[in-house]
>>> print(open('final-v1.pdb').read())   # PDB, C-alpha atoms and all ligand atoms
ATOM      1  CA  MET V   1     131.593 136.249  72.519
ATOM      2  CA  GLN V   2     128.905 136.424  75.221
ATOM      3  CA  LYS V   3     126.962 133.171  75.583
ATOM      4  CA  GLY V   4     123.188 133.127  75.572
ATOM      5  CA  THR V   5     121.008 132.235  78.584
ATOM      6  CA  LEU V   6     118.602 129.314  78.802
ATOM      7  CA  TYR V   7     115.305 130.326  80.469
ATOM      8  CA  ILE V   8     113.068 127.546  81.818
ATOM      9  CA  VAL V   9     109.649 129.147  81.584
ATOM     10  CA  ALA V  10     106.486 127.873  83.318
ATOM     11  CA  THR V  11     103.243 128.375  81.372
ATOM     12  CA  PRO V  12      99.533 128.013  82.320
ATOM     13  CA  ILE V  13      97.996 124.614  83.145
ATOM     14  CA  GLY V  14      94.698 125.724  81.612
ATOM     15  CA  ASN V  15      93.750 129.329  82.207
ATOM     16  CA  LEU V  16      95.838 131.501  79.871
ATOM     17  CA  GLU V  17      95.887 134.304  82.448
ATOM     18  CA  ASP V  18      98.111 132.207  84.710
ATOM     19  CA  ILE V  19     101.388 133.483  83.310
ATOM     20  CA  THR V  20     103.763 135.939  84.915
ATOM     21  CA  LEU V  21     104.646 139.345  83.467
ATOM     22  CA  ARG V  22     108.271 138.225  83.474
ATOM     23  CA  ALA V  23     107.462 135.063  81.517
ATOM     24  CA  ILE V  24     105.691 137.160  78.870
ATOM     25  CA  ARG V  25     108.640 139.560  78.625
ATOM     26  CA  ILE V  26     111.212 136.746  78.384
ATOM     27  CA  LEU V  27     109.202 134.890  75.719
ATOM     28  CA  ARG V  28     109.089 138.147  73.760
ATOM     29  CA  GLU V  29     112.771 139.037  74.196
ATOM     30  CA  VAL V  30     114.603 135.725  73.590
ATOM     31  CA  GLY V  31     115.911 134.857  70.129
ATOM     32  CA  LEU V  32     114.224 131.451  70.075
ATOM     33  CA  ILE V  33     111.534 129.537  71.972
ATOM     34  CA  ALA V  34     111.987 125.771  72.188
ATOM     35  CA  ALA V  35     108.562 124.237  72.823
ATOM     36  CA  GLU V  36     107.363 120.699  73.532
ATOM     37  CA  ASP V  37     104.522 121.238  71.068
ATOM     38  CA  THR V  38     104.816 124.334  68.887
ATOM     39  CA  ARG V  39     101.112 124.264  67.893
ATOM     40  CA  ARG V  40      99.996 124.322  71.497
ATOM     41  CA  THR V  41     102.456 127.050  72.466
ATOM     42  CA  ARG V  42     101.334 129.092  69.434
ATOM     43  CA  ILE V  43      97.928 129.536  71.124
ATOM     44  CA  LEU V  44      99.629 131.064  74.184
ATOM     45  CA  LEU V  45     101.963 133.265  72.121
ATOM     46  CA  ASP V  46      99.070 134.523  69.975
ATOM     47  CA  ALA V  47      97.082 135.422  73.104
ATOM     48  CA  TYR V  48      99.939 137.741  74.143
ATOM     49  CA  GLY V  49     100.954 138.982  70.669
ATOM     50  CA  ILE V  50     104.381 137.281  70.824
ATOM     51  CA  ASP V  51     106.001 136.404  67.489
ATOM     52  CA  THR V  52     109.358 134.976  68.615
ATOM     53  CA  PRO V  53     110.504 132.088  66.345
ATOM     54  CA  MET V  54     109.826 128.591  67.703
ATOM     55  CA  THR V  55     111.385 125.167  67.360
ATOM     56  CA  SER V  56     110.247 121.886  68.860
ATOM     57  CA  LEU V  57     111.992 119.926  71.618
ATOM     58  CA  HIS V  58     110.056 116.938  72.919
ATOM     59  CA  ASP V  59     110.561 113.483  74.488
ATOM     60  CA  ARG V  60     111.557 111.881  71.202
ATOM     61  CA  ASN V  61     114.188 114.406  70.065
ATOM     62  CA  GLU V  62     115.366 115.926  73.362
ATOM     63  CA  ARG V  63     118.931 114.561  73.200
ATOM     64  CA  GLU V  64     119.857 115.627  69.641
ATOM     65  CA  LYS V  65     117.828 118.816  69.727
ATOM     66  CA  SER V  66     119.374 119.909  73.026
ATOM     67  CA  ALA V  67     122.860 119.412  71.565
ATOM     68  CA  HIS V  68     121.917 121.601  68.585
ATOM     69  CA  LEU V  69     120.361 124.288  70.813
ATOM     70  CA  ILE V  70     123.416 124.308  73.109
ATOM     71  CA  THR V  71     125.457 125.348  70.052
ATOM     72  CA  ARG V  72     123.013 128.221  69.458
ATOM     73  CA  LEU V  73     123.344 129.223  73.134
ATOM     74  CA  GLN V  74     127.164 129.073  72.879
ATOM     75  CA  GLU V  75     126.904 131.407  69.878
ATOM     76  CA  GLY V  76     124.985 133.959  71.932
ATOM     77  CA  THR V  77     121.271 133.259  71.309
ATOM     78  CA  ASP V  78     119.006 133.471  74.389
ATOM     79  CA  ILE V  79     116.549 130.545  74.393
ATOM     80  CA  ALA V  80     113.356 129.946  76.409
ATOM     81  CA  TYR V  81     112.116 126.407  76.948
ATOM     82  CA  VAL V  82     108.394 125.793  77.506
ATOM     83  CA  SER V  83     106.575 122.482  77.845
ATOM     84  CA  ASP V  84     102.917 121.906  76.916
ATOM     85  CA  ALA V  85     101.668 123.153  80.252
ATOM     86  CA  GLY V  86     102.976 124.048  83.677
ATOM     87  CA  THR V  87     106.615 123.769  84.623
ATOM     88  CA  PRO V  88     109.054 122.080  82.215
ATOM     89  CA  GLY V  89     110.690 118.919  83.544
ATOM     90  CA  ILE V  90     107.786 118.139  85.906
ATOM     91  CA  SER V  91     106.433 115.016  84.154
ATOM     92  CA  ASP V  92     107.536 116.817  81.001
ATOM     93  CA  PRO V  93     110.732 117.082  78.950
ATOM     94  CA  GLY V  94     113.420 119.585  79.928
ATOM     95  CA  HIS V  95     115.740 117.806  82.340
ATOM     96  CA  LEU V  96     118.221 116.627  79.705
ATOM     97  CA  PHE V  97     118.297 120.052  78.067
ATOM     98  CA  VAL V  98     119.069 121.699  81.426
ATOM     99  CA  ARG V  99     121.823 119.173  82.159
ATOM    100  CA  GLN V 100     123.435 119.679  78.771
ATOM    101  CA  ALA V 101     123.270 123.458  79.213
ATOM    102  CA  ILE V 102     124.948 123.219  82.636
ATOM    103  CA  ALA V 103     127.633 120.929  81.176
ATOM    104  CA  GLY V 104     128.232 123.577  78.479
ATOM    105  CA  SER V 105     128.584 126.330  81.142
ATOM    106  CA  ILE V 106     125.426 128.058  79.940
ATOM    107  CA  ALA V 107     123.511 130.149  82.516
ATOM    108  CA  VAL V 108     120.145 128.504  83.279
ATOM    109  CA  VAL V 109     117.485 130.825  84.711
ATOM    110  CA  PRO V 110     114.073 129.723  86.066
ATOM    111  CA  ILE V 111     110.931 131.709  85.303
ATOM    112  CA  PRO V 112     108.625 130.075  87.876
ATOM    113  CA  GLY V 113     104.888 129.592  87.569
ATOM    114  CA  PRO V 114     102.129 126.970  87.665
ATOM    115  CA  VAL V 115     102.601 123.308  88.593
ATOM    116  CA  ALA V 116      99.447 121.149  88.676
ATOM    117  CA  ALA V 117     100.760 119.205  91.707
ATOM    118  CA  VAL V 118     101.090 122.376  93.795
ATOM    119  CA  ALA V 119      97.762 123.816  92.624
ATOM    120  CA  ALA V 120      96.035 120.549  93.631
ATOM    121  CA  LEU V 121      97.790 120.513  97.020
ATOM    122  CA  ASN V 122      96.665 124.103  97.625
ATOM    123  CA  VAL V 123      92.995 123.145  97.445
ATOM    124  CA  SER V 124      93.212 119.615  98.870
ATOM    125  CA  GLY V 125      92.770 120.616 102.506
ATOM    126  CA  LEU V 126      95.537 118.112 103.341
ATOM    127  CA  PRO V 127      98.830 119.195 104.959
ATOM    128  CA  MET V 128     100.994 120.911 102.366
ATOM    129  CA  ASP V 129     103.978 122.021 104.454
ATOM    130  CA  SER V 130     105.881 119.043 103.088
ATOM    131  CA  PHE V 131     104.797 116.591 100.429
ATOM    132  CA  ALA V 132     106.061 113.828  98.163
ATOM    133  CA  PHE V 133     105.448 114.053  94.423
ATOM    134  CA  PHE V 134     105.371 110.818  92.425
ATOM    135  CA  ALA V 135     104.404 112.106  88.958
ATOM    136  CA  PHE V 136     102.221 109.598  87.043
ATOM    137  CA  LEU V 137     101.123 106.403  88.753
ATOM    138  CA  PRO V 138     102.344 103.433  86.659
ATOM    139  CA  SER V 139      99.715 102.509  84.047
ATOM    140  CA  ARG V 140     100.152  98.728  84.582
ATOM    141  CA  ARG V 141      98.172  97.470  87.551
ATOM    142  CA  GLY V 142     100.973  95.264  88.933
ATOM    143  CA  LYS V 143     103.505  98.093  88.894
ATOM    144  CA  ARG V 144     100.989 100.515  90.341
ATOM    145  CA  ARG V 145     100.230  98.200  93.252
ATOM    146  CA  HIS V 146     103.948  97.680  93.780
ATOM    147  CA  LEU V 147     104.514 101.454  93.980
ATOM    148  CA  LEU V 148     101.602 101.867  96.390
ATOM    149  CA  GLU V 149     103.039  99.109  98.612
ATOM    150  CA  SER V 150     106.323 101.008  98.703
ATOM    151  CA  VAL V 151     104.671 104.228  99.979
ATOM    152  CA  ARG V 152     102.480 102.622 102.633
ATOM    153  CA  GLU V 153     104.598 104.173 105.431
ATOM    154  CA  GLU V 154     104.993 107.602 103.796
ATOM    155  CA  THR V 155     104.006 110.275 106.321
ATOM    156  CA  LYS V 156     104.000 113.214 103.918
ATOM    157  CA  THR V 157     101.004 114.109 101.790
ATOM    158  CA  MET V 158     101.435 112.359  98.425
ATOM    159  CA  VAL V 159     100.656 113.780  94.993
ATOM    160  CA  PHE V 160     100.126 111.718  91.837
ATOM    161  CA  TYR V 161      99.181 112.524  88.269
ATOM    162  CA  GLU V 162      96.613 110.101  86.836
ATOM    163  CA  SER V 163      94.703 109.600  83.606
ATOM    164  CA  PRO V 164      90.890 109.919  83.845
ATOM    165  CA  ASN V 165      90.419 106.388  82.425
ATOM    166  CA  ARG V 166      92.429 104.774  85.209
ATOM    167  CA  LEU V 167      91.255 106.986  88.082
ATOM    168  CA  VAL V 168      88.678 104.654  89.615
ATOM    169  CA  SER V 169      90.840 101.532  89.402
ATOM    170  CA  ALA V 170      93.757 103.512  90.888
ATOM    171  CA  LEU V 171      91.507 104.638  93.760
ATOM    172  CA  GLU V 172      90.418 101.038  94.337
ATOM    173  CA  ASP V 173      94.070  99.986  94.627
ATOM    174  CA  ILE V 174      94.762 102.902  96.983
ATOM    175  CA  ALA V 175      91.855 101.866  99.229
ATOM    176  CA  ASP V 176      93.050  98.278  99.147
ATOM    177  CA  ILE V 177      96.737  98.963  99.853
ATOM    178  CA  LEU V 178      96.849 102.268 101.771
ATOM    179  CA  GLY V 179      93.468 101.987 103.469
ATOM    180  CA  ASP V 180      90.543 104.385 103.492
ATOM    181  CA  ARG V 181      92.659 107.546 103.675
ATOM    182  CA  GLN V 182      91.604 111.143 103.164
ATOM    183  CA  ILE V 183      92.152 112.194  99.547
ATOM    184  CA  ALA V 184      91.404 115.020  97.129
ATOM    185  CA  VAL V 185      90.883 114.489  93.411
ATOM    186  CA  SER V 186      91.338 117.696  91.413
ATOM    187  CA  ARG V 187      90.116 117.790  87.850
ATOM    188  CA  GLU V 188      90.651 120.477  85.196
ATOM    189  CA  LEU V 189      92.218 122.976  87.614
ATOM    190  CA  THR V 190      92.027 126.609  86.423
ATOM    191  CA  LYS V 191      89.645 125.597  83.584
ATOM    192  CA  ILE V 192      85.874 125.944  83.119
ATOM    193  CA  TYR V 193      85.008 122.544  84.599
ATOM    194  CA  GLU V 194      87.428 122.764  87.526
ATOM    195  CA  GLU V 195      86.363 120.638  90.477
ATOM    196  CA  THR V 196      87.896 118.995  93.540
ATOM    197  CA  LEU V 197      86.335 115.967  95.241
ATOM    198  CA  ARG V 198      87.406 115.538  98.862
ATOM    199  CA  GLY V 199      86.739 112.774 101.374
ATOM    200  CA  THR V 200      87.874 109.273 102.146
ATOM    201  CA  VAL V 201      88.897 107.092  99.205
ATOM    202  CA  GLY V 202      85.659 105.107  99.608
ATOM    203  CA  GLU V 203      83.504 108.254  99.567
ATOM    204  CA  VAL V 204      85.210 109.572  96.434
ATOM    205  CA  ILE V 205      84.878 106.212  94.636
ATOM    206  CA  GLU V 206      81.182 106.208  95.556
ATOM    207  CA  SER V 207      80.669 109.722  94.187
ATOM    208  CA  LEU V 208      82.322 108.726  90.888
ATOM    209  CA  ARG V 209      80.263 105.549  90.468
ATOM    210  CA  GLY V 210      78.495 105.384  87.096
ATOM    211  CA  LYS V 211      80.121 108.632  85.895
ATOM    212  CA  LYS V 212      82.544 108.978  82.998
ATOM    213  CA  VAL V 213      85.593 110.809  84.330
ATOM    214  CA  LYS V 214      87.066 113.311  81.864
ATOM    215  CA  GLY V 215      89.863 115.875  81.823
ATOM    216  CA  GLU V 216      93.184 116.240  83.555
ATOM    217  CA  ILE V 217      93.442 114.757  87.032
ATOM    218  CA  THR V 218      95.757 115.268  89.992
ATOM    219  CA  LEU V 219      95.341 113.036  93.001
ATOM    220  CA  VAL V 220      96.366 114.074  96.534
ATOM    221  CA  VAL V 221      96.541 111.375  99.231
ATOM    222  CA  SER V 222      97.156 111.920 102.940
ATOM    223  CA  GLY V 223     100.303 110.450 104.450
ATOM    224  CA  THR V 224     100.035 107.587 106.889
ATOM    225  CA  ALA V 225     100.632 109.513 110.107
ATOM    226  CA  THR V 226      98.190 112.261 109.247
ATOM    227  CA  ALA V 227      95.648 110.700 111.543
ATOM    228  CA  ARG V 228      93.870 114.023 112.018
ATOM    229  CA  PRO V 229      93.470 115.781 108.654
ATOM    230  CA  ASP V 230      91.126 118.218 110.425
ATOM    231  CA  VAL V 231      94.023 119.558 112.529
ATOM    232  CA  SER V 232      96.272 122.014 110.698
ATOM    233  CA  PRO V 233     100.055 122.232 111.200
ATOM    234  CA  GLU V 234      99.515 125.838 112.439
ATOM    235  CA  GLU V 235      97.170 124.564 115.170
ATOM    236  CA  ILE V 236      99.694 121.929 116.265
ATOM    237  CA  ARG V 237     102.464 124.533 116.469
ATOM    238  CA  ALA V 238     100.229 126.992 118.350
ATOM    239  CA  ARG V 239      99.251 124.344 120.914
ATOM    240  CA  PHE V 240     102.863 123.322 121.355
ATOM    241  CA  GLN V 241     104.001 126.925 121.907
ATOM    242  CA  GLU V 242     101.160 127.519 124.361
ATOM    243  CA  ALA V 243     102.018 124.372 126.343
ATOM    244  CA  ARG V 244     105.677 125.343 126.337
ATOM    245  CA  LYS V 245     104.916 128.797 127.790
ATOM    246  CA  ASP V 246     102.868 127.455 130.684
ATOM    247  CA  SER V 247     104.940 124.437 131.624
ATOM    248  CA  THR V 248     108.313 123.430 132.968
ATOM    249  CA  SER V 249     108.068 119.963 131.404
ATOM    250  CA  SER V 250     110.587 118.761 128.843
ATOM    251  CA  THR V 251     109.865 119.005 125.102
ATOM    252  CA  ARG V 252     109.471 115.225 125.020
ATOM    253  CA  ASP V 253     106.831 115.297 127.797
ATOM    254  CA  ILE V 254     104.948 118.168 126.151
ATOM    255  CA  ILE V 255     104.848 116.260 122.866
ATOM    256  CA  SER V 256     103.642 113.109 124.643
ATOM    257  CA  ALA V 257     100.883 115.056 126.399
ATOM    258  CA  LEU V 258      99.780 116.734 123.159
ATOM    259  CA  SER V 259      99.849 113.396 121.354
ATOM    260  CA  GLU V 260      97.408 112.041 123.895
ATOM    261  CA  GLU V 261      95.175 115.130 123.983
ATOM    262  CA  MET V 262      95.025 115.464 120.197
ATOM    263  CA  ASP V 263      94.910 111.752 119.391
ATOM    264  CA  MET V 264      97.886 112.069 117.063
ATOM    265  CA  PRO V 265     101.148 110.109 116.824
ATOM    266  CA  ARG V 266     104.044 111.733 118.718
ATOM    267  CA  LYS V 267     106.160 111.508 115.564
ATOM    268  CA  GLU V 268     103.639 113.630 113.664
ATOM    269  CA  ILE V 269     103.589 116.366 116.316
ATOM    270  CA  TYR V 270     107.378 116.318 116.525
ATOM    271  CA  ARG V 271     107.624 116.734 112.731
ATOM    272  CA  HIS V 272     105.492 119.878 112.862
ATOM    273  CA  VAL V 273     107.297 121.553 115.770
ATOM    274  CA  LEU V 274     110.847 120.620 114.786
ATOM    275  CA  ASP V 275     111.523 123.902 112.960
ATOM    276  CA  PHE V 276     110.273 125.846 115.971
ATOM    277  CA  ILE V 277     112.536 123.897 118.361
ATOM    278  CA  ARG V 278     115.539 124.369 116.062
ATOM    279  CA  LYS V 279     114.897 128.120 115.738
ATOM    280  CA  GLU V 280     114.570 128.446 119.491
ATOM    281  CA  SER V 281     117.934 126.750 120.127
ATOM    282  CA  ASP V 282     119.584 128.859 117.357
ATOM    283  CA  ASP V 283     118.232 132.022 119.019
ATOM    284  CA  LYS V 284     119.582 130.892 122.389
ATOM    285  CA  SER V 285     123.047 130.111 121.035
ATOM    286  CA  SER V 286     123.388 133.402 119.088
TER     287      SER V 286
HETATM  288  N1  LIG S 301     104.405 120.048  83.638
HETATM  289  C1  LIG S 301     103.076 119.911  84.188
HETATM  290  C2  LIG S 301     103.036 120.558  85.581
HETATM  291  O1  LIG S 301     103.890 121.410  85.862
HETATM  292  O2  LIG S 301     102.152 120.240  86.349
HETATM  293  C3  LIG S 301     102.601 118.468  84.199
HETATM  294  C4  LIG S 301     102.583 117.830  82.860
HETATM  295  S1  LIG S 301     101.988 116.185  82.853
HETATM  296  C5  LIG S 301     102.422 115.681  81.231
HETATM  297  C6  LIG S 301     100.259 116.386  82.680
HETATM  298  C7  LIG S 301      99.496 115.872  83.910
HETATM  299  O3  LIG S 301      99.479 116.878  84.915
HETATM  300  C8  LIG S 301      98.021 115.608  83.614
HETATM  301  O4  LIG S 301      97.831 114.323  83.053
HETATM  302  C9  LIG S 301      97.400 115.718  84.999
HETATM  303  O5  LIG S 301      97.644 114.561  85.756
HETATM  304  C10 LIG S 301      98.226 116.890  85.562
HETATM  305  N2  LIG S 301      97.556 118.168  85.211
HETATM  306  C11 LIG S 301      97.951 119.042  84.270
HETATM  307  N3  LIG S 301      97.083 120.072  84.196
HETATM  308  C12 LIG S 301      96.123 119.834  85.122
HETATM  309  C13 LIG S 301      94.949 120.520  85.507
HETATM  310  N4  LIG S 301      94.593 121.660  84.910
HETATM  311  N5  LIG S 301      94.182 119.997  86.502
HETATM  312  C14 LIG S 301      94.549 118.827  87.108
HETATM  313  N6  LIG S 301      95.646 118.143  86.774
HETATM  314  C15 LIG S 301      96.428 118.618  85.780
END
>>> encode(input="final-v1.pdb", output="structure tokens", more="lines below")
Ligand code: SAM
Amino acid sequence: MQKGTLYIVATPIGNLEDITLRAIRILREVGLIAAEDTRRTRILLDAYGIDTPMTSLHDRNEREKSAHLITRLQEGTDIAYVSDAGTPGISDPGHLFVRQAIAGSIAVVPIPGPVAAVAALNVSGLPMDSFAFFAFLPSRRGKRRHLLESVREETKTMVFYESPNRLVSALEDIADILGDRQIAVSRELTKIYEETLRGTVGEVIESLRGKKVKGEITLVVSGTATARPDVSPEEIRARFQEARKDSTSSTRDIISALSEEMDMPRKEIYRHVLDFIRKESDDKSS
């Protein structure tokens, strides 16, 4: 008997139009949709006229329910898994289900789509060529401060999920531990009251003073070596390539000169041009 396929389907993080044509087709064609919250997913299915049967799989029943659904997959039923919003498994259930499916030799197929962390990065204005995602900041102050201490030297842009009630105290801890970095606070992305506040941590705290913060929040914080958030990775690469064309100096000397000219750490420039250097030496050796 042919086994079924498990589809991991991303759904909108607010705006119901943010769903792919393939996701709609798969949700319509599978035998069963496992959803984190069937009532919430019903709204999405109704908007697209989908009447596939649903069952719930959430944090509290993921282990037993996955085992049951693996049996259905083994018997040939195709199943789609959707979380409340965005991509399953990203600060949402789904990981255990995927692992159990893999252990049962079930094909697991991604149907990609929205992730709040990536949407927030896209509009942050901070470097997004590489980033570190930390999911939710710990709710307890001590643990939160401990985590922030541990990322003090992180050079990549950092992305955190945060509750609106804790936003200001989290920002105060960030200012205290990481310093007055550039940040972007995105609220209610893709929804009616979407907004992104950008600036230093101090400026954003000031703009939130006396206001009640509401809605879903994603916080983007610049990495430690991003001393020049106004300089894009593309600009760094372009300046490096230009300098390389006109000079006989070594890569190391060019990077040192650019570091001085652009007031940026050598390490940061090196990080941005590494791919270019690697490609160049691959081209030479082939
Ligand atoms: N699976 C989701 C994803 O792919 O992004 C994340 C689920 S997690 C339980 C929910 C958190 O994601 C929210 O508390 C908030 O921090 C962030 N988030 C979700 N939707 C958002 C939105 N529309 N705007 C800003 N942040 C959002």
>>> axis_aligned_box(input="final-v1.pdb", around="ligand LIG 301 (chain S)", padding_each_side="6 Å", output="AutoDock Vina command-line options")
--center_x 99.3 --center_y 118.0 --center_z 84.2 --size_x 22.2 --size_y 19.3 --size_z 17.9
>>> resolve_selection(input="final-v1.pdb", expression="the PyMOL selection byres (((not hetatm)) within 10 of (chain S and resi 301))", output="PyMOL selection string")
chain V and resi 10-15+82-94+113-120+135-137+159-164+185-196+215-219
>>> closest_residue(input="final-v1.pdb", among="V:Leu69, V:Val9, V:Leu21, V:Ala34", to="Met54 in chain V", atoms="all atoms listed in the file")
V:Ala34
>>> resolve_selection(input="final-v1.pdb", expression="the PyMOL selection byres (((chain V and resi 264) around 12) and not hetatm)", output="PyMOL selection string")
chain V and resi 224-233+236+255-263+265-272
>>> atom_distance(input="final-v1.pdb", atom1="CA of Gln74 in chain V", atom2="CA of Leu44 in chain V")
27.6 Å
>>> resolve_selection(input="final-v1.pdb", expression="the PyMOL selection byres (((chain V and resi 184) around 6) and not hetatm)", output="list in words")
Ser124, Ile183, Val185, Leu197, Arg198 and Val220 of chain V
>>> atom_distance(input="final-v1.pdb", atom1="CA of Ser139 in chain V", atom2="CA of Asn165 in chain V")
10.2 Å
>>> atom_distance(input="final-v1.pdb", atom1="CA of Leu121 in chain V", atom2="CA of Asp275 in chain V")
21.3 Å
>>> residues_around(input="final-v1.pdb", residues="Lys3 in chain V", least_positions_apart="6", cutoff="12 Å", atoms="only C-alpha atoms", output="ChimeraX atom specification")
/V:70-79,101,104-108
>>> closest_residue(input="final-v1.pdb", among="V:Thr20, V:Ser249, V:Ser169, V:Ser281", to="Arg141 in chain V", atoms="only C-alpha atoms")
V:Ser169
>>> closest_residue(input="final-v1.pdb", among="V:Thr5, V:Ala35, V:Lys143, V:Ser285", to="Asn61 in chain V", atoms="all atoms listed in the file")
V:Ala35
